[in-house]
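Here is the structure we will look at, set down as structure tokens.
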Amino acid sequence: MLPAGVEGAGWSAWPAPAKLNLSLRIVGRRADGYHLLQTVFRLLDWGDTVYLRARGDGRIVRVSGPVDVPAAEDLAVRAAQALQVASGSALGADIAIDKRIPQGGGLGGGSSDAASVLRALNLIWGCALDVDHLAKLGQQLGADVPVFVRGANALAEGIGEVLTPLVLTPAWYVIVAPGVAVPTAALFQAPELTRDAAPETIARLSCGTARGNAFEPVARARYPAIAAALDWLGGLSAARLSGSGACIYAELADRASAERIASACPAPWKAWVVAGAERSPLLTALEDFGKV
């Protein structure tokens, strides 16, 4: 079902995939307060859909989107505005978002929406900015945006801007949303957060030997629903937190095993069974659009 307002000619649809953090370590802190990270991003073959239509009057109009996020604060809107400034384009856009990724879930929904807007409008408007330029624009919007712009599973280091592409083993995932939203900034400020973990090697991170999430003990202590979900899923498989939460997940070798676990998810939690992606489905959509 299309989101409200998506009617008439000229619309195009763009995937905005979710991500998981297969590991997340904080290995230091810069003098300006930014945390130095080491995290493995796994893109998923599931997420939001961003609908776009070019406008000739230069206006950026959010036709529909997350109801509790004002349009002026929506990363998708801000991404379009940033691209206008960077490219000098006189065109505008209508934006509508079919949200599936839970907000405040640690799955990168807002960042992915922004990346899809950057990549797709760059094509629709004929801006011809290269991927490096778009990734830099994305970094100004949020630390997770560049990995979605580039569209590859990756090890992220620094404050999230240094990306090393990774080849990850095919896998299925059960994702559980325990019904709470976690403000990332609050967890970064938590005094009990471990900020001096030893860096891991790329080899151990890419093969899955090194796992763990620095935010998990903090989220577990502060959010009883997250603790309960980790305990429930952990009784069936290895359960982990994605990002700063609130969503948790388990990695399975096959779809049937994932579906068995998801079917037992207690109400009112929600569960999804999704496949890990070798690369972002957004890249395929961009290639197909260019063939039309």
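Order determines the names: the first chain of the structure tokens is A, the second B, and so forth; residues in each chain are numbered 1 upward, and ligands are numbered 1 upward as they are shown.
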Discussion item. I need the residues in segment 173-254 of chain A that are helix (DSSP H, G or I) according to DSSP; give them as a ChimeraX atom specification.
Written reply: /A:184-188,202-207,216-222,224-234
Checklist entry - Leaving out Phe188 of chain A and any residue of its chain fewer than 3 positions from it, which residues lie within 9 Å of it when counting only C-alpha atoms, given as a PyMOL selection string? => result chain A and resi 35+184-185+191+193+215+244
- request: Please report, as a ChimeraX atom specification, each residue of segment 212-243 of chain A to which DSSP assigns strand (DSSP E or B) when run on this structure's backbone.
  value: /A:212-213,239-241
- Tell me which protein, DNA and RNA residues are within 7 Å of Val50 of chain A, counting only C-alpha atoms, leaving out same-chain ones fewer than 6 positions away, and put them as a list in words.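 The contact residues come out as Ala13, Trp14, Pro15, Ala16, Ala96, Ile97, Asp98 and Asp113 of chain A.
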task: Please provide the set of residues having any atom within 10 Å of Gln139 of chain A, restricted to only C-alpha atoms, with same-chain residues fewer than 6 positions apart removed, written as a PyMOL selection string.
output: chain A and resi 111+115+133+145-147+149+159-161
Given only C-alpha atoms, how would the per-residue table for segment 166-255 of chain A near segment 43-48 of chain A read, listing every residue at most 12 Å away with its closest atom pair and distance in Å to one decimal, sorted by chain and number, as a tab-separated table?
```
residue	atom	partner	partner_atom	distance
A:Leu166	CA	A:Leu43	CA	11.0
A:Val167	CA	A:Leu43	CA	11.3
A:Leu168	CA	A:Leu43	CA	10.0
A:Pro170	CA	A:Leu44	CA	10.7
A:Ala171	CA	A:Leu44	CA	9.9
A:Trp172	CA	A:Leu44	CA	9.3
A:Tyr173	CA	A:Leu44	CA	9.0
A:Val174	CA	A:Leu44	CA	11.4
A:Ile175	CA	A:Leu44	CA	10.9
A:Ser242	CA	A:Leu43	CA	11.9
```
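Nearest to Ile124 of chain A of all the residues A:Val40, A:Ala210, A:Leu137, A:Leu286 is A:Leu286, based on only C-alpha atoms.
You can rank A:Ala225, A:Ala277, A:Ala72, A:Ala271 by their closest distance to Phe41 of chain A using only C-alpha atoms, and at the top of that list sits A:Ala277.
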Residues within 12 Å of Asp231 of chain A, please, as number ranges by chain. Count only C-alpha atoms; anything in the same chain fewer than 3 positions from it doesn't count.
A: 176, 178, 220, 224-228, 234-241, 248-250
